[in-house]
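Enquirer: One file is attached below, model10.tsv, containing TSV, C-alpha atoms and all ligand atoms.
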```tsv
chain	number	residue	atom	x	y	z
A	1	MET	CA	0.00	0.00	0.00
A	2	THR	CA	1.62	3.25	-1.02
A	3	LEU	CA	-0.96	6.01	-0.51
A	4	SER	CA	-1.08	8.39	2.43
A	5	ARG	CA	-4.49	9.67	3.49
A	6	ARG	CA	-3.59	12.98	1.88
A	7	SER	CA	-2.82	11.37	-1.49
A	8	PHE	CA	-5.81	9.04	-1.04
A	9	LEU	CA	-8.03	12.07	-0.72
A	10	ARG	CA	-6.43	13.61	-3.79
A	11	THR	CA	-7.00	10.51	-5.92
A	12	GLY	CA	-10.44	9.84	-4.55
A	13	GLY	CA	-9.30	6.40	-3.49
A	14	ILE	CA	-10.74	4.77	-6.60
A	15	GLY	CA	-10.23	1.06	-6.74
A	16	LEU	CA	-8.93	0.63	-3.22
A	17	ALA	CA	-10.30	-2.21	-1.17
A	18	ALA	CA	-9.61	-2.76	2.51
A	19	VAL	CA	-8.60	-6.29	3.42
A	20	THR	CA	-7.83	-7.14	7.02
A	21	PHE	CA	-6.54	-10.32	8.63
A	22	PRO	CA	-7.15	-10.75	12.35
A	23	LEU	CA	-3.86	-11.59	14.07
A	24	PRO	CA	-3.11	-12.04	17.75
A	25	SER	CA	-1.69	-8.83	19.21
A	26	PHE	CA	2.06	-8.51	19.46
A	27	ALA	CA	1.91	-8.75	23.25
A	28	GLN	CA	-0.13	-11.95	22.97
A	29	GLN	CA	2.35	-13.41	20.50
A	30	CYS	CA	5.18	-12.71	22.93
A	31	GLY	CA	3.30	-14.38	25.76
A	32	GLU	CA	3.08	-11.09	27.60
A	33	PRO	CA	0.03	-10.58	29.81
A	34	PRO	CA	-2.20	-7.71	28.69
A	35	ARG	CA	-1.04	-4.64	30.56
A	36	ALA	CA	-4.58	-3.32	30.91
A	37	ALA	CA	-5.33	-6.22	33.22
A	38	ALA	CA	-3.03	-4.83	35.92
A	39	ALA	CA	-5.06	-4.32	39.08
A	40	ALA	CA	-4.84	-1.09	41.01
A	41	GLY	CA	-1.89	-1.16	43.36
A	42	GLN	CA	0.15	-3.43	41.14
A	43	VAL	CA	3.77	-2.49	40.57
A	44	LEU	CA	4.57	-2.47	36.85
A	45	LEU	CA	8.26	-3.14	36.27
A	46	ASN	CA	7.64	-4.98	33.00
A	47	GLY	CA	7.35	-2.36	30.26
A	48	ASN	CA	10.47	-0.17	30.50
A	49	GLU	CA	8.15	2.81	30.88
A	50	ASN	CA	8.83	6.07	32.71
A	51	PRO	CA	7.09	5.40	36.05
A	52	TYR	CA	6.80	9.13	36.79
A	53	GLY	CA	4.46	9.82	33.86
A	54	PRO	CA	4.65	12.25	30.95
A	55	LEU	CA	6.77	15.39	31.41
A	56	PRO	CA	4.89	17.79	33.77
A	57	SER	CA	4.34	20.62	31.27
A	58	VAL	CA	3.08	18.08	28.71
A	59	GLN	CA	0.59	16.61	31.17
A	60	ALA	CA	-0.69	20.11	31.85
A	61	ALA	CA	-1.19	20.80	28.13
A	62	MET	CA	-3.03	17.57	27.26
A	63	PRO	CA	-6.56	19.00	27.56
A	64	GLN	CA	-5.78	21.58	24.84
A	65	ALA	CA	-5.11	18.75	22.40
A	66	LEU	CA	-8.33	16.98	23.33
A	67	ALA	CA	-10.29	20.03	22.30
A	68	VAL	CA	-9.43	19.44	18.62
A	69	ALA	CA	-9.99	15.68	18.70
A	70	ASN	CA	-13.00	16.10	16.40
A	71	ARG	CA	-10.58	16.91	13.56
A	72	TYR	CA	-8.18	14.69	11.63
A	73	PRO	CA	-4.70	15.05	13.05
A	74	ASP	CA	-2.92	16.64	10.05
A	75	PRO	CA	-2.14	20.03	11.67
A	76	LYS	CA	-0.85	18.36	14.85
A	77	TYR	CA	1.11	15.85	12.77
A	78	ASP	CA	2.79	18.73	10.92
A	79	LEU	CA	3.56	20.38	14.26
A	80	LEU	CA	5.24	17.19	15.43
A	81	ILE	CA	7.27	16.83	12.24
A	82	ASP	CA	8.41	20.47	12.64
A	83	ALA	CA	9.52	19.69	16.20
A	84	ILE	CA	11.42	16.57	15.10
A	85	MET	CA	13.09	18.52	12.27
A	86	LYS	CA	14.13	21.24	14.70
A	87	THR	CA	15.39	18.79	17.32
A	88	HIS	CA	17.50	16.77	14.93
A	89	LYS	CA	18.29	19.43	12.33
A	90	VAL	CA	16.88	17.31	9.50
A	91	LYS	CA	14.55	18.03	6.59
A	92	ARG	CA	10.86	17.15	6.35
A	93	ASP	CA	11.46	14.34	3.86
A	94	GLN	CA	13.84	12.67	6.32
A	95	VAL	CA	11.18	12.11	8.98
A	96	HIS	CA	8.15	9.88	9.36
A	97	ALA	CA	6.13	9.81	12.59
A	98	THR	CA	4.30	6.67	13.64
A	99	CYS	CA	1.98	5.06	16.17
A	100	GLY	CA	4.80	4.12	18.55
A	101	SER	CA	8.17	3.10	17.17
A	102	THR	CA	6.73	-0.41	16.86
A	103	GLU	CA	5.06	0.89	13.72
A	104	VAL	CA	8.48	1.84	12.30
A	105	LEU	CA	9.60	-1.73	12.98
A	106	LYS	CA	6.50	-3.14	11.28
A	107	MET	CA	6.92	-0.86	8.27
A	108	ALA	CA	10.60	-1.80	8.00
A	109	CYS	CA	9.71	-5.48	8.10
A	110	ASP	CA	7.06	-5.02	5.40
A	111	GLU	CA	9.18	-2.86	3.09
A	112	PHE	CA	12.73	-4.11	3.48
A	113	VAL	CA	12.16	-7.76	4.32
A	114	MET	CA	8.81	-8.97	3.03
A	115	ASP	CA	8.42	-6.81	-0.11
A	116	GLY	CA	12.04	-7.37	-1.12
A	117	ARG	CA	11.80	-11.08	-0.29
A	118	GLY	CA	14.87	-10.58	1.84
A	119	ARG	CA	16.14	-11.76	5.14
A	120	LEU	CA	15.92	-10.14	8.56
A	121	VAL	CA	19.07	-10.48	10.67
A	122	VAL	CA	18.70	-9.75	14.38
A	123	ALA	CA	20.63	-10.31	17.59
A	124	SER	CA	19.50	-12.84	20.15
A	125	PRO	CA	18.11	-11.87	22.51
A	126	THR	CA	16.72	-8.57	21.34
A	127	PHE	CA	13.38	-6.72	21.23
A	128	GLU	CA	10.98	-9.12	19.53
A	129	ALA	CA	8.59	-6.91	17.57
A	130	ILE	CA	10.37	-6.87	14.24
A	131	PHE	CA	11.05	-10.58	14.05
A	132	THR	CA	7.63	-11.44	15.44
A	133	TYR	CA	6.03	-9.51	12.58
A	134	THR	CA	8.40	-11.04	10.03
A	135	GLU	CA	7.74	-14.57	11.22
A	136	ALA	CA	3.99	-13.94	11.32
A	137	ASP	CA	4.28	-13.12	7.60
A	138	ARG	CA	6.40	-16.25	7.08
A	139	GLY	CA	9.47	-14.15	6.34
A	140	SER	CA	13.02	-15.29	6.87
A	141	VAL	CA	14.68	-14.38	10.18
A	142	VAL	CA	18.21	-15.23	11.25
A	143	ARG	CA	19.13	-14.78	14.91
A	144	VAL	CA	22.75	-14.22	15.81
A	145	PRO	CA	23.62	-14.60	19.51
A	146	LEU	CA	25.00	-11.53	21.26
A	147	ARG	CA	28.72	-11.74	22.00
A	148	SER	CA	29.92	-12.74	25.45
A	149	ASP	CA	30.12	-9.02	26.35
A	150	LEU	CA	26.48	-8.74	25.16
A	151	ALA	CA	27.26	-6.42	22.24
A	152	HIS	CA	25.90	-7.32	18.80
A	153	ASP	CA	28.10	-9.82	16.95
A	154	LEU	CA	28.31	-7.69	13.83
A	155	PRO	CA	30.68	-9.95	11.83
A	156	GLY	CA	28.32	-12.83	12.68
A	157	MET	CA	25.35	-10.77	11.49
A	158	LEU	CA	27.14	-9.97	8.21
A	159	LYS	CA	27.77	-13.64	7.67
A	160	ALA	CA	24.14	-14.47	8.45
A	161	MET	CA	22.90	-12.00	5.84
A	162	GLY	CA	24.96	-13.55	3.07
A	163	ALA	CA	24.66	-11.65	-0.19
A	164	GLY	CA	21.34	-9.97	0.70
A	165	PRO	CA	18.80	-8.54	0.14
A	166	GLY	CA	17.53	-7.83	3.59
A	167	LEU	CA	17.45	-5.78	6.75
A	168	PHE	CA	19.76	-5.72	9.76
A	169	TYR	CA	18.11	-4.72	13.04
A	170	ILE	CA	20.47	-3.26	15.62
A	171	CYS	CA	18.94	-2.33	18.95
A	172	ASN	CA	21.31	0.05	20.75
A	173	PRO	CA	21.10	0.06	23.74
A	174	ASN	CA	19.73	-3.44	23.37
A	175	ASN	CA	16.49	-4.57	24.94
A	176	PRO	CA	16.52	-6.80	27.08
A	177	THR	CA	20.21	-6.66	28.06
A	178	ALA	CA	20.51	-2.83	28.31
A	179	THR	CA	23.99	-3.19	26.78
A	180	LEU	CA	25.73	-1.15	24.09
A	181	THR	CA	27.33	-2.02	20.78
A	182	PRO	CA	30.22	0.40	20.20
A	183	ARG	CA	29.70	3.04	17.53
A	184	ALA	CA	33.13	2.38	15.99
A	185	GLU	CA	32.19	-1.28	15.44
A	186	ILE	CA	28.88	-0.34	13.84
A	187	GLU	CA	30.67	2.09	11.51
A	188	ASP	CA	33.12	-0.61	10.51
A	189	PHE	CA	30.21	-3.00	9.92
A	190	LEU	CA	28.44	-0.45	7.71
A	191	LYS	CA	31.44	-0.38	5.40
A	192	ARG	CA	30.98	-4.09	4.79
A	193	ILE	CA	27.23	-4.60	4.36
A	194	PRO	CA	26.00	-5.86	0.97
A	195	PRO	CA	24.66	-3.09	-1.30
A	196	ASN	CA	21.08	-4.37	-1.30
A	197	THR	CA	20.68	-4.35	2.49
A	198	TYR	CA	19.36	-1.75	4.94
A	199	VAL	CA	20.16	-1.16	8.60
A	200	LEU	CA	17.56	-0.13	11.16
A	201	ILE	CA	19.10	1.19	14.35
A	202	ASP	CA	16.58	1.20	17.18
A	203	GLU	CA	17.45	3.97	19.64
A	204	ALA	CA	14.45	3.57	21.94
A	205	TYR	CA	16.69	3.94	25.00
A	206	HIS	CA	19.05	6.56	23.56
A	207	HIS	CA	18.50	9.16	26.29
A	208	PHE	CA	19.80	6.85	29.00
A	209	ALA	CA	23.02	6.10	27.10
A	210	VAL	CA	24.07	9.64	26.15
A	211	GLY	CA	27.69	10.20	27.19
A	212	ALA	CA	28.46	6.50	27.67
A	213	PRO	CA	31.89	5.58	26.31
A	214	GLY	CA	31.67	4.37	22.72
A	215	TYR	CA	28.01	5.36	22.28
A	216	GLU	CA	26.75	7.89	19.75
A	217	SER	CA	23.34	8.23	18.17
A	218	PHE	CA	23.05	7.71	14.43
A	219	ILE	CA	20.57	10.60	14.29
A	220	ASP	CA	22.77	13.09	16.10
A	221	PHE	CA	25.89	11.90	14.27
A	222	PRO	CA	24.63	10.45	10.98
A	223	VAL	CA	26.71	8.42	8.59
A	224	ALA	CA	26.83	9.11	4.86
A	225	ASP	CA	24.96	5.95	3.98
A	226	GLU	CA	21.34	6.25	2.97
A	227	ARG	CA	20.64	2.64	3.87
A	228	VAL	CA	20.90	3.44	7.58
A	229	PHE	CA	17.80	4.71	9.35
A	230	VAL	CA	16.90	5.16	13.00
A	231	ALA	CA	13.79	4.55	15.12
A	232	ARG	CA	13.00	6.61	18.23
A	233	THR	CA	10.07	6.51	20.63
A	234	PHE	CA	8.18	8.73	23.06
A	235	SER	CA	7.36	5.67	25.21
A	236	LYS	CA	10.47	5.70	27.36
A	237	VAL	CA	12.00	8.85	28.83
A	238	TYR	CA	9.06	11.00	27.64
A	239	GLY	CA	6.61	8.81	29.56
A	240	MET	CA	4.05	8.50	26.76
A	241	ALA	CA	3.86	4.73	26.19
A	242	GLY	CA	0.07	4.84	26.34
A	243	LEU	CA	-0.23	7.64	23.78
A	244	ARG	CA	1.74	5.74	21.11
A	245	VAL	CA	4.19	7.90	19.20
A	246	GLY	CA	7.49	7.11	17.56
A	247	TYR	CA	9.35	8.17	14.46
A	248	ALA	CA	11.95	7.24	11.91
A	249	VAL	CA	14.76	9.45	10.66
A	250	GLY	CA	16.79	8.59	7.59
A	251	ALA	CA	17.71	9.57	4.07
A	252	PRO	CA	14.81	10.90	1.94
A	253	ASP	CA	14.76	7.87	-0.37
A	254	THR	CA	14.75	5.44	2.54
A	255	ILE	CA	11.96	7.29	4.34
A	256	LYS	CA	10.04	7.38	1.05
A	257	ARG	CA	10.32	3.61	0.81
A	258	LEU	CA	9.23	3.23	4.43
A	259	ARG	CA	6.16	5.36	3.67
A	260	ASN	CA	5.05	2.74	1.16
A	261	GLU	CA	3.79	0.90	4.23
A	262	GLU	CA	2.10	3.89	5.84
A	263	LEU	CA	-1.13	3.56	7.79
A	264	TYR	CA	-3.22	6.69	7.23
A	265	ASP	CA	-3.28	8.99	10.25
A	266	SER	CA	-1.68	6.50	12.60
A	267	VAL	CA	-0.55	9.30	14.94
A	268	ASN	CA	-3.53	10.72	16.78
A	269	CYS	CA	-3.82	14.44	17.46
A	270	VAL	CA	-3.33	14.24	21.25
A	271	ALA	CA	-0.23	12.09	20.86
A	272	ALA	CA	1.23	14.35	18.16
A	273	HIS	CA	0.55	17.48	20.20
A	274	CYS	CA	2.12	16.00	23.36
A	275	ALA	CA	5.12	14.61	21.49
A	276	ALA	CA	5.85	18.00	19.91
A	277	LEU	CA	5.67	19.66	23.34
A	278	SER	CA	7.89	16.94	24.83
A	279	LEU	CA	10.67	17.62	22.36
A	280	ALA	CA	10.62	21.30	23.30
A	281	ALA	CA	10.76	20.54	27.04
A	282	THR	CA	14.46	19.69	27.06
A	283	ALA	CA	15.10	20.64	30.70
A	284	GLU	CA	12.23	18.46	31.89
A	285	MET	CA	13.43	15.60	29.73
A	286	GLN	CA	16.92	15.92	31.20
A	287	ALA	CA	15.44	15.96	34.72
A	288	ALA	CA	13.62	12.71	33.88
A	289	VAL	CA	16.86	11.13	32.62
A	290	ASP	CA	18.68	12.27	35.77
A	291	ARG	CA	15.98	10.91	38.06
A	292	ILE	CA	15.88	7.53	36.33
A	293	THR	CA	19.70	7.43	36.32
A	294	ARG	CA	19.61	7.90	40.11
A	295	ASP	CA	17.04	5.08	40.33
A	296	ARG	CA	19.39	2.92	38.26
A	297	THR	CA	22.29	3.62	40.64
A	298	ALA	CA	20.07	2.73	43.60
A	299	PHE	CA	19.00	-0.51	41.89
A	300	PHE	CA	22.59	-1.62	41.39
A	301	ALA	CA	23.44	-0.75	45.00
A	302	GLU	CA	20.64	-3.07	46.12
A	303	CYS	CA	21.95	-5.79	43.81
A	304	ARG	CA	25.46	-5.43	45.24
A	305	ARG	CA	24.11	-5.53	48.78
A	306	ARG	CA	22.47	-8.88	48.00
A	307	ARG	CA	25.39	-10.08	45.83
A	308	ILE	CA	23.05	-10.49	42.87
A	309	GLN	CA	24.74	-10.63	39.50
A	310	ALA	CA	23.42	-7.77	37.34
A	311	ILE	CA	24.34	-6.74	33.82
A	312	PRO	CA	25.54	-3.10	33.75
A	313	SER	CA	22.73	-1.04	32.25
A	314	TYR	CA	22.66	1.84	29.76
A	315	ALA	CA	18.87	2.01	29.85
A	316	ASN	CA	15.95	2.34	32.28
A	317	PHE	CA	15.96	-1.38	33.11
A	318	ALA	CA	18.46	-4.10	33.91
A	319	MET	CA	18.80	-7.85	33.75
A	320	ILE	CA	19.62	-9.77	36.88
A	321	ASP	CA	20.55	-13.38	37.37
A	322	CYS	CA	17.80	-15.01	39.36
A	323	GLY	CA	19.52	-18.36	39.58
A	324	ARG	CA	16.41	-20.22	38.50
A	325	LEU	CA	13.93	-20.01	35.66
A	326	ALA	CA	12.91	-16.39	35.22
A	327	ARG	CA	9.34	-17.46	34.41
A	328	GLU	CA	9.01	-19.04	37.86
A	329	VAL	CA	10.25	-15.90	39.58
A	330	ARG	CA	7.98	-13.83	37.36
A	331	ALA	CA	4.93	-15.92	38.21
A	332	SER	CA	5.66	-15.73	41.89
A	333	MET	CA	6.23	-11.98	41.76
A	334	ARG	CA	3.05	-11.54	39.75
A	335	ALA	CA	1.03	-13.39	42.35
A	336	GLN	CA	2.24	-10.76	44.79
A	337	GLY	CA	1.34	-7.80	42.62
A	338	ILE	CA	4.73	-7.14	41.03
A	339	ARG	CA	5.07	-7.42	37.25
A	340	ILE	CA	8.56	-7.98	35.90
A	341	GLY	CA	9.79	-8.48	32.32
A	342	ARG	CA	8.80	-11.45	30.18
A	343	PRO	CA	11.34	-14.25	29.60
A	344	PHE	CA	13.94	-13.60	26.92
A	345	PRO	CA	15.24	-16.92	25.64
A	346	PRO	CA	17.97	-18.07	25.68
A	347	MET	CA	18.62	-16.02	28.87
A	348	ASP	CA	16.15	-18.17	30.75
A	349	GLN	CA	17.55	-17.49	34.21
A	350	TRP	CA	17.73	-13.74	33.85
A	351	CYS	CA	14.91	-11.40	34.83
A	352	ARG	CA	14.48	-8.01	33.17
A	353	ILE	CA	13.47	-5.40	35.71
A	354	SER	CA	12.30	-1.93	34.67
A	355	PHE	CA	13.20	0.73	37.21
A	356	GLY	CA	10.16	1.98	39.12
A	357	THR	CA	9.78	4.79	41.63
A	358	PRO	CA	11.65	4.40	44.96
A	359	ASP	CA	8.42	3.23	46.64
A	360	GLU	CA	7.79	0.68	43.90
A	361	MET	CA	11.36	-0.57	44.12
A	362	ALA	CA	11.08	-0.91	47.89
A	363	ARG	CA	8.07	-3.19	47.28
A	364	PHE	CA	9.98	-5.07	44.62
A	365	TRP	CA	12.96	-5.77	46.89
A	366	LYS	CA	10.75	-6.76	49.80
A	367	THR	CA	8.99	-9.25	47.53
A	368	TRP	CA	12.26	-10.44	46.01
A	369	ASP	CA	13.73	-11.06	49.46
A	370	GLY	CA	10.59	-12.94	50.42
A	371	LEU	CA	10.86	-15.18	47.35
A	372	LYS	CA	13.40	-17.32	49.16
A	373	ASP	CA	10.54	-18.60	51.30
A	374	CYS	CA	8.19	-19.45	48.45
A	375	LEU	CA	10.70	-20.58	45.82
A	376	GLY	CA	13.50	-22.04	47.87
A	377	GLU	CA	16.87	-20.36	48.12
A	378	ILE	CA	17.47	-17.95	45.22
A	379	ARG	CA	21.11	-18.24	44.23
A	380	GLU	CA	23.04	-15.11	45.06
A	381	THR	CA	26.42	-14.94	43.35
B	401	LIG	C1	13.96	-1.52	21.71
B	401	LIG	C2	12.52	-1.15	21.59
B	401	LIG	N1	12.09	-0.67	20.43
B	401	LIG	C3	10.82	-0.32	20.26
B	401	LIG	C4	9.92	-0.45	21.30
B	401	LIG	C5	8.49	-0.09	21.04
B	401	LIG	O1	8.20	1.13	21.57
B	401	LIG	P1	6.87	1.90	21.21
B	401	LIG	O2	6.12	2.01	22.46
B	401	LIG	O3	7.37	3.22	20.70
B	401	LIG	O4	6.15	1.16	20.14
B	401	LIG	C6	10.32	-0.94	22.52
B	401	LIG	C7	9.36	-1.11	23.62
B	401	LIG	O5	9.61	-1.56	24.68
B	401	LIG	C8	11.68	-1.30	22.67
B	401	LIG	O6	12.12	-1.82	23.81
```
Let me see whether you can do it: turn the structure in this file into structure tokens.
Ligand SMILES: Cc1ncc(COP(=O)(O)O)c(C=O)c1O
Expert:
Amino acid sequence: MTLSRRSFLRTGGIGLAAVTFPLPSFAQQCGEPPRAAAAAGQVLLNGNENPYGPLPSVQAAMPQALAVANRYPDPKYDLLIDAIMKTHKVKRDQVHATCGSTEVLKMACDEFVMDGRGRLVVASPTFEAIFTYTEADRGSVVRVPLRSDLAHDLPGMLKAMGAGPGLFYICNPNNPTATLTPRAEIEDFLKRIPPNTYVLIDEAYHHFAVGAPGYESFIDFPVADERVFVARTFSKVYGMAGLRVGYAVGAPDTIKRLRNEELYDSVNCVAAHCAALSLAATAEMQAAVDRITRDRTAFFAECRRRRIQAIPSYANFAMIDCGRLAREVRASMRAQGIRIGRPFPPMDQWCRISFGTPDEMARFWKTWDGLKDCLGEIRET
């Protein structure tokens, strides 16, 4: 499908027929419990969200956006694109905003894997959306285990791609490990990719990695290779996971190809309005990063105190060794009102914990410490 709603309206939409196929939701496919089912008082450490909510000035401005909800979102969408252009110093044709960055991943799968009859090469473990969509469409996915230092094995990914065509997905920082793949290694890799391949760099957790040795965003410091494009989201530091906004930035021709898979008006007017305001609220965003960074430090102090092995984190979550099957710990925690991350095979004994507020983390640790009684001794290394 290659028409936007704007061009659809221009052409009159003659000859277009809507065909839909009911599929289980992405969360269902991943075995994740529906988040809406969380009872009041539950502690949600399973979604890598910002537990403090949207930025304060954005929360205050939400009602203004609701007032124009009777209209299609085009003016608010344009406002958001202007804000993204200003933030990243890019041109209009280099940006496409989406219903969460998951939509960028879906579009990339459709355009660069399925339409080109190519191959998707991903790390293992990594964020599942893109390969879940590809496999649901019976596309070809090759998983390449992370290296022992939990960076992407880029030479291994090159080998897995073969001669192409296809798409490499690089999640940096990586979900679920919260680890980084050094910029210099990615640059070296880009010099060696086959000509008919594209590279999607998912920077969902960028804000928590800024300043880390060896890390640099491919939006802020782009490479001269139009096959590289980047996904960002408002679901993490900006605290807008429920509003659903993300975007892609890349070369005009690459963004044009991505738009072939566009869903008309997928960004609603409230989300677009709030996302545009969020980008302008740089001091509040930095305060949110600083607060979550302090929560991260506190989390690792608690791990050290208990001699729990934890993977150093460059994101708003961390993986800890629970010394037994993570799904058992998760089920036990859930029964006590604490939701932690879903299992990420093959790291079956590692739990992914999103950082909550200090009160939520106090409840988490109390429950964790109590697990020894209901699960037997949890190994502490
Ligand atoms: C690495 C990564 N990319 C993309 C997403 C999807 O985010 P969004 O809420 O923008 O669809 C997530 C969500 O957790 C993620 O971890």
Enquirer: Please identify all protein, DNA and RNA residues within 9 Å of ligand LIG 401 (chain B), counting all atoms listed in the file, and report them as number ranges by chain.
Expert: A: 47-49, 98-105, 126-130, 171-176, 202-205, 231-236, 240-247
Enquirer: Under the rule that all atoms listed in the file are counted, which of A:Ala212, A:Leu258, A:Ile320, A:Met361 is the nearest residue to A:Pro343?
Expert: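 Of the candidates, the smallest distance to A:Pro343 is held by A:Ile320.
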Enquirer: Report, in Å to a single decimal, how far apart atom CA of A:Gly250 and atom CA of A:Ala318 are.
Expert: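 So the two atoms, atom CA of A:Ala318 and atom CA of A:Gly250, lie 29.3 Å apart.
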Enquirer: Name the closest residue to A:His152 among the candidates A:Ile170, A:Ala209, A:Ala136, A:Val121; distances are taken between atoms, counting all atoms listed in the file.
Expert: A:Ile170
Enquirer: Show which residues sit within 12 Å of A:Phe344, as a list in words. Count all atoms listed in the file, and ignore same-chain residues fewer than 4 positions away.
Expert: Cys30, Gly31, Glu32, Ala123, Ser124, Pro125, Thr126, Phe127, Glu128, Asn175, Pro176, Thr177, Met319, Leu325, Ala326, Arg327, Ile340, Asp348, Gln349, Trp350, Cys351 and Arg352 of chain A
Enquirer: For A:Pro252, which of A:Ala60, A:Val90, A:Ala271, A:Ala65 is the closest residue, counting only C-alpha atoms?
Expert: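 Checking each candidate against A:Pro252, we get A:Val90 as the closest.
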Enquirer: Can you work out which one of A:Ser332, A:Ser148, A:Ser354, A:Thr87 has the shortest atom-to-atom distance to A:Leu45, counting only C-alpha atoms?
Expert: A:Ser354
Enquirer: Nearest to A:Thr132 among A:Asp110, A:Glu262, A:Asp359, A:Asp253, with distances taken over all atoms listed in the file: which residue is it?
Expert: A:Asp110
Enquirer: Between A:Lys372, A:His96, A:Lys159, A:Arg183, which is the closest to A:Ser217 once you count all atoms listed in the file?
Expert: A:Arg183
Enquirer: Just the residues within 10 Å of A:Gln94, please, counting only C-alpha atoms, with nothing from its chain fewer than 2 positions along; format it as a count of residues only.
Expert: 17
Enquirer: Do you have the atom CA of A:Pro63-atom CA of A:Ala288 distance handy?
Expert: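 The value is 22.1 Å.
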Enquirer: Near A:Asn316, counting all atoms listed in the file, which residues have an atom at most 9 Å away, once you skip same-chain residues fewer than 4 positions from it, shown as a PyMOL selection string?
Expert: chain A and resi 48-50+178+205+208+236-237+289+292-293+295-296+353-356
Enquirer: Start from the incomplete input, build N, CA, C and O atoms for stretch 135-147 of chain A, and deliver everything as a CSV table (one decimal), keeping the file's coordinate frame.
Expert:
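The resulting file, part_17.csv, is reproduced below:
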```
chain,number,residue,atom,x,y,z
A,135,GLU,N,8.1,-13.2,11.2
A,135,GLU,CA,7.7,-14.6,11.2
A,135,GLU,C,6.2,-14.8,11.0
A,135,GLU,O,5.8,-15.8,10.4
A,136,ALA,N,5.4,-13.8,11.5
A,136,ALA,CA,4.0,-13.9,11.3
A,136,ALA,C,3.7,-13.9,9.8
A,136,ALA,O,2.7,-14.5,9.4
A,137,ASP,N,4.5,-13.2,9.1
A,137,ASP,CA,4.3,-13.1,7.6
A,137,ASP,C,5.0,-14.2,6.9
A,137,ASP,O,5.2,-14.2,5.6
A,138,ARG,N,5.6,-15.1,7.6
A,138,ARG,CA,6.4,-16.2,7.1
A,138,ARG,C,7.6,-15.7,6.4
A,138,ARG,O,8.1,-16.3,5.4
A,139,GLY,N,8.2,-14.7,6.9
A,139,GLY,CA,9.5,-14.2,6.3
A,139,GLY,C,10.7,-14.9,7.0
A,139,GLY,O,10.5,-15.6,7.9
A,140,SER,N,11.8,-14.6,6.4
A,140,SER,CA,13.0,-15.3,6.9
A,140,SER,C,13.8,-14.5,7.9
A,140,SER,O,14.1,-13.3,7.7
A,141,VAL,N,14.0,-15.1,9.1
A,141,VAL,CA,14.7,-14.4,10.2
A,141,VAL,C,15.9,-15.2,10.6
A,141,VAL,O,15.8,-16.4,10.8
A,142,VAL,N,17.0,-14.5,10.7
A,142,VAL,CA,18.2,-15.2,11.2
A,142,VAL,C,18.6,-14.5,12.5
A,142,VAL,O,18.8,-13.3,12.6
A,143,ARG,N,18.7,-15.3,13.6
A,143,ARG,CA,19.1,-14.8,14.9
A,143,ARG,C,20.6,-15.1,15.1
A,143,ARG,O,21.0,-16.2,15.0
A,144,VAL,N,21.3,-14.0,15.5
A,144,VAL,CA,22.8,-14.2,15.8
A,144,VAL,C,23.0,-13.9,17.3
A,144,VAL,O,22.7,-12.8,17.7
A,145,PRO,N,23.5,-14.9,18.1
A,145,PRO,CA,23.6,-14.6,19.5
A,145,PRO,C,24.5,-13.4,19.8
A,145,PRO,O,25.5,-13.1,19.0
A,146,LEU,N,24.1,-12.6,20.8
A,146,LEU,CA,25.0,-11.5,21.3
A,146,LEU,C,26.4,-12.1,21.6
A,146,LEU,O,26.5,-13.3,22.0
A,147,ARG,N,27.4,-11.3,21.6
A,147,ARG,CA,28.7,-11.7,22.0
A,147,ARG,C,28.7,-12.0,23.5
A,147,ARG,O,27.8,-11.6,24.2
```
